[in-house]
file work15.pdb (PDB, C-alpha atoms)
ATOM      1  CA  MET A   1     110.635 154.322 106.588
ATOM      2  CA  SER A   2     113.798 155.292 108.442
ATOM      3  CA  PRO A   3     116.715 152.872 108.835
ATOM      4  CA  ASP A   4     115.902 152.578 112.532
ATOM      5  CA  THR A   5     112.441 151.175 111.794
ATOM      6  CA  VAL A   6     113.239 148.817 108.911
ATOM      7  CA  PRO A   7     112.797 145.156 109.951
ATOM      8  CA  ARG A   8     116.016 143.189 109.548
ATOM      9  CA  LEU A   9     116.614 139.537 108.872
ATOM     10  CA  PRO A  10     119.327 137.987 111.065
ATOM     11  CA  ARG A  11     122.906 137.781 109.831
ATOM     12  CA  ARG A  12     124.408 134.475 108.765
ATOM     13  CA  GLN A  13     126.618 132.925 111.409
ATOM     14  CA  GLN A  14     128.438 129.685 112.016
ATOM     15  CA  GLY A  15     126.845 126.958 114.133
ATOM     16  CA  PRO A  16     123.217 126.762 115.287
ATOM     17  CA  GLN A  17     121.170 129.710 114.045
ATOM     18  CA  PRO A  18     117.810 129.765 115.822
ATOM     19  CA  GLN A  19     116.905 133.193 114.452
ATOM     20  CA  ARG A  20     117.500 132.032 110.892
ATOM     21  CA  LEU A  21     115.580 128.825 111.564
ATOM     22  CA  LEU A  22     112.622 130.766 112.865
ATOM     23  CA  THR A  23     112.513 133.139 109.892
ATOM     24  CA  THR A  24     112.711 130.125 107.567
ATOM     25  CA  LEU A  25     109.823 128.436 109.374
ATOM     26  CA  PHE A  26     107.705 131.587 109.188
ATOM     27  CA  GLY A  27     108.460 131.872 105.475
ATOM     28  CA  ASP A  28     107.766 128.211 104.765
ATOM     29  CA  TYR A  29     104.555 127.641 106.764
ATOM     30  CA  TRP A  30     103.208 131.008 107.931
ATOM     31  CA  PHE A  31     103.868 133.046 104.811
ATOM     32  CA  GLY A  32     101.704 136.160 104.568
ATOM     33  CA  ARG A  33      99.809 135.433 107.794
ATOM     34  CA  PRO A  34      99.203 138.385 110.151
ATOM     35  CA  GLU A  35      98.023 136.258 113.091
ATOM     36  CA  PRO A  36     100.537 135.966 115.974
ATOM     37  CA  LEU A  37     101.687 132.532 117.115
ATOM     38  CA  PRO A  38     102.101 131.693 120.822
ATOM     39  CA  SER A  39     105.633 132.008 122.086
ATOM     40  CA  ALA A  40     105.373 128.488 123.503
ATOM     41  CA  ALA A  41     104.609 127.142 120.018
ATOM     42  CA  LEU A  42     107.669 128.890 118.565
ATOM     43  CA  VAL A  43     109.853 127.474 121.337
ATOM     44  CA  ARG A  44     108.457 123.994 120.631
ATOM     45  CA  LEU A  45     109.082 124.368 116.894
ATOM     46  CA  LEU A  46     112.726 125.246 117.494
ATOM     47  CA  ALA A  47     113.043 122.236 119.793
ATOM     48  CA  GLU A  48     112.567 120.117 116.657
ATOM     49  CA  PHE A  49     116.032 121.336 115.673
ATOM     50  CA  ASP A  50     117.658 120.722 119.070
ATOM     51  CA  ILE A  51     117.419 124.377 120.101
ATOM     52  CA  SER A  52     117.036 124.666 123.876
ATOM     53  CA  PRO A  53     114.104 126.656 125.335
ATOM     54  CA  THR A  54     116.508 129.292 126.637
ATOM     55  CA  SER A  55     118.137 129.764 123.236
ATOM     56  CA  ALA A  56     114.749 129.714 121.521
ATOM     57  CA  ARG A  57     113.333 132.442 123.748
ATOM     58  CA  ALA A  58     116.481 134.510 123.235
ATOM     59  CA  ALA A  59     116.109 134.145 119.456
ATOM     60  CA  ILE A  60     112.479 135.298 119.632
ATOM     61  CA  GLN A  61     113.468 138.331 121.689
ATOM     62  CA  ARG A  62     116.240 139.218 119.253
ATOM     63  CA  LEU A  63     113.893 138.991 116.288
ATOM     64  CA  ALA A  64     111.520 141.284 118.163
ATOM     65  CA  ALA A  65     114.406 143.684 118.800
ATOM     66  CA  ARG A  66     115.130 143.614 115.062
ATOM     67  CA  ARG A  67     111.448 144.477 114.538
ATOM     68  CA  PHE A  68     110.986 141.344 112.459
ATOM     69  CA  LEU A  69     108.453 140.120 115.044
ATOM     70  CA  VAL A  70     105.973 142.060 117.159
ATOM     71  CA  GLY A  71     104.810 140.696 120.504
ATOM     72  CA  SER A  72     101.299 140.827 121.942
ATOM     73  CA  ARG A  73      99.919 139.613 125.228
ATOM     74  CA  GLN A  74      96.596 138.039 126.133
ATOM     75  CA  GLY A  75      96.356 137.092 129.768
ATOM     76  CA  ARG A  76      99.486 135.167 130.673
ATOM     77  CA  GLU A  77     100.238 134.163 127.102
ATOM     78  CA  THR A  78     102.636 136.078 124.853
ATOM     79  CA  SER A  79     102.383 135.678 121.094
ATOM     80  CA  TYR A  80     104.522 136.959 118.234
ATOM     81  CA  GLY A  81     103.453 137.886 114.723
ATOM     82  CA  VAL A  82     105.046 139.224 111.572
ATOM     83  CA  PRO A  83     104.044 142.901 111.120
ATOM     84  CA  PRO A  84     103.282 144.363 107.670
ATOM     85  CA  GLN A  85     106.763 145.829 107.183
ATOM     86  CA  SER A  86     108.372 142.485 108.009
ATOM     87  CA  ARG A  87     105.969 140.667 105.701
ATOM     88  CA  GLU A  88     107.235 142.909 102.891
ATOM     89  CA  VAL A  89     110.847 142.046 103.757
ATOM     90  CA  LEU A  90     110.000 138.342 103.972
ATOM     91  CA  ASP A  91     108.076 138.509 100.710
ATOM     92  CA  MET A  92     111.050 140.021  98.878
ATOM     93  CA  HIS A  93     113.350 137.417 100.409
ATOM     94  CA  VAL A  94     111.057 134.532  99.424
ATOM     95  CA  ARG A  95     110.782 135.849  95.869
ATOM     96  CA  LYS A  96     114.572 135.984  95.647
ATOM     97  CA  VAL A  97     115.192 132.523  97.111
ATOM     98  CA  PHE A  98     112.510 130.828  95.006
ATOM     99  CA  GLY A  99     113.003 133.023  91.951
ATOM    100  CA  ASP A 100     113.496 131.778  88.424
ATOM    101  CA  PRO A 101     117.111 130.499  88.199
ATOM    102  CA  THR A 102     117.335 131.517  84.538
ATOM    103  CA  PRO A 103     119.203 134.848  84.394
ATOM    104  CA  LYS A 104     117.453 137.749  82.705
ATOM    105  CA  SER A 105     118.432 138.901  79.230
ATOM    106  CA  TRP A 106     121.732 140.745  78.903
ATOM    107  CA  ASP A 107     122.687 143.538  76.528
ATOM    108  CA  GLY A 108     126.368 142.569  76.472
ATOM    109  CA  ALA A 109     127.513 145.669  78.372
ATOM    110  CA  TRP A 110     129.366 145.720  81.681
ATOM    111  CA  THR A 111     129.310 147.866  84.781
ATOM    112  CA  VAL A 112     132.900 148.589  85.746
ATOM    113  CA  VAL A 113     134.117 149.811  89.124
ATOM    114  CA  ALA A 114     137.670 151.093  89.385
ATOM    115  CA  PHE A 115     139.108 152.429  92.611
ATOM    116  CA  SER A 116     142.385 154.036  93.583
ATOM    117  CA  ILE A 117     142.827 154.126  97.335
ATOM    118  CA  PRO A 118     146.272 154.518  98.928
ATOM    119  CA  GLU A 119     147.823 151.243 100.046
ATOM    120  CA  GLU A 120     148.236 152.560 103.580
ATOM    121  CA  ASP A 121     144.460 153.000 103.873
ATOM    122  CA  ARG A 122     143.943 149.259 104.169
ATOM    123  CA  ALA A 123     140.643 149.539 105.980
ATOM    124  CA  ALA A 124     139.041 151.525 103.133
ATOM    125  CA  ARG A 125     140.436 149.180 100.483
ATOM    126  CA  ARG A 126     139.145 146.151 102.365
ATOM    127  CA  MET A 127     135.741 147.787 102.856
ATOM    128  CA  VAL A 128     135.382 148.476  99.137
ATOM    129  CA  ARG A 129     136.483 144.962  98.121
ATOM    130  CA  GLU A 130     134.202 143.242 100.639
ATOM    131  CA  ASN A 131     131.213 145.319  99.562
ATOM    132  CA  LEU A 132     131.834 144.721  95.869
ATOM    133  CA  LYS A 133     132.038 140.995  96.540
ATOM    134  CA  ALA A 134     128.780 141.134  98.529
ATOM    135  CA  LEU A 135     127.179 142.915  95.551
ATOM    136  CA  HIS A 136     128.301 140.003  93.330
ATOM    137  CA  PHE A 137     130.907 141.910  91.355
ATOM    138  CA  GLY A 138     133.732 139.914  89.809
ATOM    139  CA  LYS A 139     137.366 140.864  90.339
ATOM    140  CA  LEU A 140     139.378 141.299  87.141
ATOM    141  CA  TYR A 141     142.214 142.933  89.079
ATOM    142  CA  ASP A 142     142.576 144.037  92.684
ATOM    143  CA  ALA A 143     141.148 147.499  91.933
ATOM    144  CA  LEU A 144     139.030 146.684  88.848
ATOM    145  CA  TRP A 145     135.694 144.914  89.340
ATOM    146  CA  ILE A 146     132.909 144.108  86.887
ATOM    147  CA  SER A 147     129.250 143.129  86.730
ATOM    148  CA  PRO A 148     127.034 142.429  83.721
ATOM    149  CA  TRP A 149     124.095 144.182  85.355
ATOM    150  CA  GLU A 150     123.099 147.825  85.647
ATOM    151  CA  PRO A 151     124.468 149.832  88.627
ATOM    152  CA  ILE A 152     122.312 149.441  91.729
ATOM    153  CA  PRO A 153     121.650 151.959  94.543
ATOM    154  CA  GLU A 154     123.955 150.073  96.915
ATOM    155  CA  LEU A 155     126.841 150.787  94.553
ATOM    156  CA  HIS A 156     126.292 154.525  94.784
ATOM    157  CA  GLU A 157     126.013 154.180  98.554
ATOM    158  CA  LEU A 158     129.427 152.482  98.555
ATOM    159  CA  ALA A 159     130.933 155.321  96.504
ATOM    160  CA  SER A 160     129.742 157.845  99.086
ATOM    161  CA  HIS A 161     132.048 156.285 101.702
ATOM    162  CA  VAL A 162     135.269 157.182  99.877
ATOM    163  CA  ALA A 163     136.636 160.378  98.345
ATOM    164  CA  PRO A 164     135.070 161.375  94.985
ATOM    165  CA  ASP A 165     138.327 160.791  93.125
ATOM    166  CA  GLN A 166     138.943 157.361  94.682
ATOM    167  CA  LEU A 167     136.162 155.326  93.046
ATOM    168  CA  THR A 168     134.691 155.459  89.543
ATOM    169  CA  VAL A 169     131.626 153.636  88.204
ATOM    170  CA  PHE A 170     130.830 153.458  84.505
ATOM    171  CA  ARG A 171     128.949 151.182  82.142
ATOM    172  CA  GLY A 172     129.180 150.374  78.486
ATOM    173  CA  PRO A 173     132.347 148.535  77.465
ATOM    174  CA  HIS A 174     131.694 145.314  75.581
ATOM    175  CA  LEU A 175     134.561 143.352  77.065
ATOM    176  CA  PRO A 176     135.468 140.197  75.118
ATOM    177  CA  LEU A 177     134.907 138.018  78.176
ATOM    178  CA  ALA A 178     131.993 135.988  76.864
ATOM    179  CA  LYS A 179     134.459 134.336  74.475
ATOM    180  CA  ASP A 180     136.741 133.276  77.321
ATOM    181  CA  ARG A 181     134.699 131.729  80.119
ATOM    182  CA  SER A 182     137.853 130.896  82.080
ATOM    183  CA  ILE A 183     138.398 134.614  82.725
ATOM    184  CA  VAL A 184     134.789 135.002  83.865
ATOM    185  CA  ALA A 185     135.032 131.890  86.045
ATOM    186  CA  GLU A 186     138.131 133.249  87.764
ATOM    187  CA  ALA A 187     136.774 136.771  88.186
ATOM    188  CA  PHE A 188     133.531 135.547  89.761
ATOM    189  CA  ASP A 189     135.043 132.530  91.556
ATOM    190  CA  LEU A 190     132.661 130.170  89.755
ATOM    191  CA  THR A 191     134.630 126.916  90.119
ATOM    192  CA  PRO A 192     134.026 126.414  93.883
ATOM    193  CA  LEU A 193     130.415 127.568  93.453
ATOM    194  CA  ALA A 194     129.892 124.948  90.738
ATOM    195  CA  GLU A 195     131.354 122.282  93.024
ATOM    196  CA  ARG A 196     128.991 123.284  95.836
ATOM    197  CA  TYR A 197     126.041 123.143  93.459
ATOM    198  CA  ARG A 198     126.990 119.640  92.300
ATOM    199  CA  ALA A 199     127.444 118.351  95.853
ATOM    200  CA  PHE A 200     124.146 119.922  96.954
ATOM    201  CA  ALA A 201     122.261 118.407  94.013
ATOM    202  CA  GLN A 202     123.686 114.970  94.782
ATOM    203  CA  THR A 203     122.648 115.264  98.442
ATOM    204  CA  CYS A 204     119.116 116.252  97.427
ATOM    205  CA  ARG A 205     118.835 113.354  94.980
ATOM    206  CA  SER A 206     120.110 110.846  97.539
ATOM    207  CA  THR A 207     117.710 112.110 100.209
ATOM    208  CA  LEU A 208     114.783 112.000  97.776
ATOM    209  CA  GLU A 209     115.631 108.416  96.836
ATOM    210  CA  GLU A 210     115.587 107.450 100.518
ATOM    211  CA  VAL A 211     112.248 109.186 101.056
ATOM    212  CA  GLU A 212     110.675 107.479  98.048
ATOM    213  CA  ARG A 213     112.040 104.104  99.110
ATOM    214  CA  ASP A 214     111.485 104.182 102.878
ATOM    215  CA  GLY A 215     109.010 107.002 103.467
ATOM    216  CA  ILE A 216     109.555 109.692 106.086
ATOM    217  CA  ALA A 217     107.910 110.660 109.369
ATOM    218  CA  PRO A 218     106.431 114.175 109.686
ATOM    219  CA  ASP A 219     109.001 115.319 112.259
ATOM    220  CA  GLN A 220     111.853 114.098 110.066
ATOM    221  CA  ALA A 221     110.263 115.767 107.035
ATOM    222  CA  LEU A 222     110.063 119.121 108.827
ATOM    223  CA  ARG A 223     113.687 118.914 109.807
ATOM    224  CA  ALA A 224     114.940 117.684 106.424
ATOM    225  CA  ARG A 225     112.925 120.274 104.494
ATOM    226  CA  THR A 226     114.139 123.143 106.665
ATOM    227  CA  GLU A 227     117.743 121.976 106.462
ATOM    228  CA  THR A 228     117.414 121.707 102.674
ATOM    229  CA  MET A 229     116.088 125.260 102.417
ATOM    230  CA  THR A 230     118.780 126.563 104.777
ATOM    231  CA  ALA A 231     121.478 124.968 102.621
ATOM    232  CA  TRP A 232     119.885 126.305  99.432
ATOM    233  CA  ARG A 233     119.702 129.829 100.831
ATOM    234  CA  ARG A 234     123.364 129.650 101.812
ATOM    235  CA  ILE A 235     124.551 128.478  98.382
ATOM    236  CA  SER A 236     122.245 130.558  96.181
ATOM    237  CA  SER A 237     123.087 133.739  98.086
ATOM    238  CA  THR A 238     126.663 133.484  96.763
ATOM    239  CA  ASP A 239     125.569 133.030  93.129
ATOM    240  CA  PRO A 240     126.172 136.187  91.025
ATOM    241  CA  ARG A 241     123.382 135.059  88.622
ATOM    242  CA  LEU A 242     125.414 135.704  85.513
ATOM    243  CA  PRO A 243     123.884 135.740  82.024
ATOM    244  CA  ARG A 244     123.585 132.396  80.263
ATOM    245  CA  GLU A 245     126.182 133.450  77.687
ATOM    246  CA  LEU A 246     128.809 133.588  80.427
ATOM    247  CA  LEU A 247     127.927 130.304  82.091
ATOM    248  CA  GLY A 248     127.624 127.815  79.269
ATOM    249  CA  PRO A 249     125.033 125.071  78.747
ATOM    250  CA  ASP A 250     126.245 122.776  81.528
ATOM    251  CA  TRP A 251     126.087 125.188  84.473
ATOM    252  CA  PRO A 252     125.270 122.984  87.535
ATOM    253  CA  GLY A 253     123.108 125.656  89.155
ATOM    254  CA  ASP A 254     120.232 124.520  86.926
ATOM    255  CA  THR A 255     120.539 120.923  88.134
ATOM    256  CA  ALA A 256     120.870 122.046  91.743
ATOM    257  CA  VAL A 257     117.696 124.145  91.780
ATOM    258  CA  ALA A 258     115.750 121.337  90.079
ATOM    259  CA  ALA A 259     116.959 118.776  92.649
ATOM    260  CA  CYS A 260     116.227 121.172  95.518
ATOM    261  CA  ALA A 261     112.714 121.874  94.215
ATOM    262  CA  GLN A 262     111.927 118.178  93.855
ATOM    263  CA  LEU A 263     112.971 117.355  97.416
ATOM    264  CA  TYR A 264     111.549 120.493  99.017
ATOM    265  CA  ASP A 265     108.176 120.081  97.314
ATOM    266  CA  ARG A 266     108.020 116.335  98.025
ATOM    267  CA  LEU A 267     108.566 116.906 101.762
ATOM    268  CA  GLY A 268     106.008 119.721 101.948
ATOM    269  CA  PRO A 269     102.817 117.881 103.008
ATOM    270  CA  ALA A 270     104.485 115.827 105.750
ATOM    271  CA  ALA A 271     106.436 118.814 107.069
ATOM    272  CA  GLU A 272     103.266 120.933 107.104
ATOM    273  CA  SER A 273     101.534 118.201 109.106
ATOM    274  CA  ARG A 274     104.233 118.347 111.771
ATOM    275  CA  PHE A 275     104.190 122.156 111.921
ATOM    276  CA  ARG A 276     100.387 122.115 112.230
ATOM    277  CA  SER A 277     100.407 119.550 115.016
ATOM    278  CA  ILE A 278     102.832 121.648 117.066
ATOM    279  CA  VAL A 279     100.759 124.806 116.591
ATOM    280  CA  ALA A 280      97.595 122.843 117.455
ATOM    281  CA  GLY A 281      99.076 121.931 120.815
ATOM    282  CA  HIS A 282      99.127 125.620 121.761
ATOM    283  CA  ALA A 283      96.573 127.343 119.507
ATOM    284  CA  PRO A 284      94.116 124.880 117.891
ATOM    285  CA  ASP A 285      92.218 127.684 116.149
ATOM    286  CA  LEU A 286      95.396 128.746 114.309
ATOM    287  CA  ALA A 287      96.500 125.267 113.280
ATOM    288  CA  GLU A 288      94.156 125.152 110.304
ATOM    289  CA  LEU A 289      95.867 128.241 108.864
ATOM    290  CA  VAL A 290      99.214 126.480 108.480
ATOM    291  CA  ARG A 291     100.155 126.062 104.816
ATOM    292  CA  HIS A 292     103.288 125.042 102.989
ATOM    293  CA  HIS A 293     104.272 126.341  99.574
ATOM    294  CA  THR A 294     106.305 124.858  96.758
ATOM    295  CA  PHE A 295     108.910 126.201  94.370
ATOM    296  CA  HIS A 296     106.298 126.214  91.617
ATOM    297  CA  SER A 297     103.574 127.953  93.594
ATOM    298  CA  THR A 298     105.977 130.586  94.906
ATOM    299  CA  ARG A 299     107.250 131.405  91.431
ATOM    300  CA  GLN A 300     103.683 132.243  90.465
ATOM    301  CA  LEU A 301     104.013 135.166  92.898
ATOM    302  CA  GLN A 302     106.826 136.682  90.861
ATOM    303  CA  PRO A 303     105.840 140.157  89.570
TER     304      PRO A 303
END
call {"tool": "encode", "arguments": {"input": "work15.pdb", "output": "structure tokens"}}
result
Amino acid sequence: MSPDTVPRLPRRQQGPQPQRLLTTLFGDYWFGRPEPLPSAALVRLLAEFDISPTSARAAIQRLAARRFLVGSRQGRETSYGVPPQSREVLDMHVRKVFGDPTPKSWDGAWTVVAFSIPEEDRAARRMVRENLKALHFGKLYDALWISPWEPIPELHELASHVAPDQLTVFRGPHLPLAKDRSIVAEAFDLTPLAERYRAFAQTCRSTLEEVERDGIAPDQALRARTETMTAWRRISSTDPRLPRELLGPDWPGDTAVAACAQLYDRLGPAAESRFRSIVAGHAPDLAELVRHHTFHSTRQLQP
């Protein structure tokens, strides 16, 4: 599949993100389904999140332009479905978001990236640093970055954008960092991540307490569940998923994923009911296909 035909998920942006909302809704309630949903139903679903019809239709068109959705027409009605290639992308994304939070076993070795790019070539230096950060490398020094995991293809792709003698990748040194977690925390910027995890877990627990005490209407459940997943995706995407030896026994990511799973799973039936009722208003025959999944059920899909 060429780069021009690979379906792409929308980029993260500030403010309302109707494209992201729509991909989340497809992943949460229409996962694995090939049947297209009426455009009017998608517009109505986004209205639950205060997205105007104009913005909703623009988001649908942009997702179609990204090849994440494919449109079809029957009479005067246009519908949009997730094609096979996009279902593969969505499947990989769902597996990552709902994946087991326990890091895989580690052999104690490190992947080290060292680069030497002239100071005057600021654009190249910034490009390398930003890409290493996106790949969840930790910064020991400005031009020395580390990761406990094996080199990945994206790392070799990054090296191809600079001169051969400007960037070196090697693996093997058993750095004595596991004995000094403060160095690891600084290199991987773990302190603010831990604070975000703690705040997120507290929000989930408070919301769950309110739901258990007062109940929740289906429309509120759909909104709360989607907002919870959006927040979880945002936080977990910045987690370098370091080995347990480097995190310690009290890493708040464990508490955060447990709190998120409890709330997300608890809201599932009511949120599914709301999603189904909206679809039923435009395509009654498709409404019965609406299903929600849970953290537990999705983890059973892990290869």
call {"tool": "atom_distance", "arguments": {"input": "work15.pdb", "atom1": "CA of Thr230 in chain A", "atom2": "CA of Thr24 in chain A"}}
result
7.6 Å
call {"tool": "resolve_selection", "arguments": {"input": "work15.pdb", "expression": "the PyMOL selection byres ((chain A and resi 263-274) around 9)", "output": "PyMOL selection string"}}
result
chain A and resi 28-29+204-205+207-208+211+216-226+228-229+258-262+275-279+290-296
call {"tool": "residues_around", "arguments": {"input": "work15.pdb", "residues": "Phe188 in chain A", "least_positions_apart": "5", "cutoff": "8 Å", "atoms": "only C-alpha atoms", "output": "list in words"}}
result
His136, Phe137, Gly138, Lys139 and Pro240 of chain A
call {"tool": "resolve_selection", "arguments": {"input": "work15.pdb", "expression": "the PyMOL selection byres ((chain A and resi 242) around 9)", "output": "list in words"}}
result
Pro103, Lys104, Ser147, Pro148, Trp149, Asp239, Pro240, Arg241, Pro243, Arg244, Glu245, Leu246 and Leu247 of chain A
call {"tool": "atom_distance", "arguments": {"input": "work15.pdb", "atom1": "CA of Pro176 in chain A", "atom2": "CA of Trp145 in chain A"}}
result
15.0 Å
call {"tool": "decode", "arguments": {"input": "work15.pdb", "residues": "range 169-178 of chain A", "atoms": "all heavy atoms", "output": "JSON list (two decimals), in the first residue's frame"}}
result
[["chain", "number", "residue", "atom", "x", "y", "z"],
["A", 169, "VAL", "N", 22.91, 5.23, 15.77],
["A", 169, "VAL", "CA", 22.01, 4.42, 16.59],
["A", 169, "VAL", "C", 22.73, 3.14, 16.97],
["A", 169, "VAL", "O", 23.28, 2.45, 16.11],
["A", 169, "VAL", "CB", 20.72, 4.06, 15.82],
["A", 169, "VAL", "CG1", 19.80, 3.21, 16.71],
["A", 169, "VAL", "CG2", 19.99, 5.33, 15.37],
["A", 170, "PHE", "N", 22.76, 2.83, 18.25],
["A", 170, "PHE", "CA", 23.34, 1.56, 18.68],
["A", 170, "PHE", "C", 22.61, 1.07, 19.93],
["A", 170, "PHE", "O", 21.91, 1.82, 20.61],
["A", 170, "PHE", "CB", 24.85, 1.68, 18.94],
["A", 170, "PHE", "CG", 25.23, 2.69, 19.98],
["A", 170, "PHE", "CD1", 25.47, 2.31, 21.29],
["A", 170, "PHE", "CD2", 25.39, 4.03, 19.65],
["A", 170, "PHE", "CE1", 25.84, 3.24, 22.25],
["A", 170, "PHE", "CE2", 25.77, 4.98, 20.60],
["A", 170, "PHE", "CZ", 26.00, 4.57, 21.91],
["A", 171, "ARG", "N", 22.75, -0.21, 20.19],
["A", 171, "ARG", "CA", 22.07, -0.81, 21.34],
["A", 171, "ARG", "C", 23.02, -1.74, 22.09],
["A", 171, "ARG", "O", 23.87, -2.38, 21.50],
["A", 171, "ARG", "CB", 20.85, -1.60, 20.88],
["A", 171, "ARG", "CG", 20.06, -2.23, 22.04],
["A", 171, "ARG", "CD", 18.73, -2.80, 21.60],
["A", 171, "ARG", "NE", 18.05, -3.45, 22.72],
["A", 171, "ARG", "CZ", 17.35, -2.80, 23.64],
["A", 171, "ARG", "NH1", 17.22, -1.48, 23.57],
["A", 171, "ARG", "NH2", 16.75, -3.45, 24.63],
["A", 172, "GLY", "N", 22.85, -1.78, 23.39],
["A", 172, "GLY", "CA", 23.63, -2.73, 24.15],
["A", 172, "GLY", "C", 24.10, -2.27, 25.51],
["A", 172, "GLY", "O", 24.15, -3.07, 26.44],
["A", 173, "PRO", "N", 24.41, -0.98, 25.68],
["A", 173, "PRO", "CA", 25.00, -0.58, 26.97],
["A", 173, "PRO", "C", 24.02, -0.76, 28.12],
["A", 173, "PRO", "O", 22.86, -0.38, 28.03],
["A", 173, "PRO", "CB", 25.35, 0.89, 26.78],
["A", 173, "PRO", "CG", 24.41, 1.36, 25.71],
["A", 173, "PRO", "CD", 24.25, 0.18, 24.79],
["A", 174, "HIS", "N", 24.48, -1.37, 29.19],
["A", 174, "HIS", "CA", 23.67, -1.52, 30.39],
["A", 174, "HIS", "C", 23.94, -0.32, 31.29],
["A", 174, "HIS", "O", 24.74, -0.38, 32.22],
["A", 174, "HIS", "CB", 23.99, -2.84, 31.09],
["A", 174, "HIS", "CG", 23.47, -4.03, 30.34],
["A", 174, "HIS", "ND1", 22.38, -4.77, 30.77],
["A", 174, "HIS", "CD2", 23.85, -4.59, 29.17],
["A", 174, "HIS", "CE1", 22.15, -5.75, 29.91],
["A", 174, "HIS", "NE2", 23.02, -5.65, 28.92],
["A", 175, "LEU", "N", 23.28, 0.77, 30.99],
["A", 175, "LEU", "CA", 23.48, 1.99, 31.77],
["A", 175, "LEU", "C", 22.94, 1.79, 33.18],
["A", 175, "LEU", "O", 21.91, 1.15, 33.38],
["A", 175, "LEU", "CB", 22.76, 3.15, 31.08],
["A", 175, "LEU", "CG", 23.17, 3.42, 29.62],
["A", 175, "LEU", "CD1", 22.28, 4.50, 29.03],
["A", 175, "LEU", "CD2", 24.62, 3.84, 29.55],
["A", 176, "PRO", "N", 23.60, 2.35, 34.17],
["A", 176, "PRO", "CA", 23.17, 2.16, 35.57],
["A", 176, "PRO", "C", 22.01, 3.07, 35.96],
["A", 176, "PRO", "O", 21.99, 3.62, 37.05],
["A", 176, "PRO", "CB", 24.44, 2.51, 36.35],
["A", 176, "PRO", "CG", 25.09, 3.57, 35.51],
["A", 176, "PRO", "CD", 24.84, 3.15, 34.09],
["A", 177, "LEU", "N", 21.03, 3.19, 35.05],
["A", 177, "LEU", "CA", 19.94, 4.14, 35.32],
["A", 177, "LEU", "C", 18.84, 3.53, 36.17],
["A", 177, "LEU", "O", 18.11, 4.25, 36.86],
["A", 177, "LEU", "CB", 19.36, 4.63, 33.99],
["A", 177, "LEU", "CG", 20.33, 5.38, 33.08],
["A", 177, "LEU", "CD1", 19.61, 5.84, 31.82],
["A", 177, "LEU", "CD2", 20.92, 6.57, 33.80],
["A", 178, "ALA", "N", 18.69, 2.21, 36.13],
["A", 178, "ALA", "CA", 17.63, 1.59, 36.91],
["A", 178, "ALA", "C", 17.84, 1.84, 38.41],
["A", 178, "ALA", "O", 16.89, 1.78, 39.18],
["A", 178, "ALA", "CB", 17.57, 0.10, 36.62]]
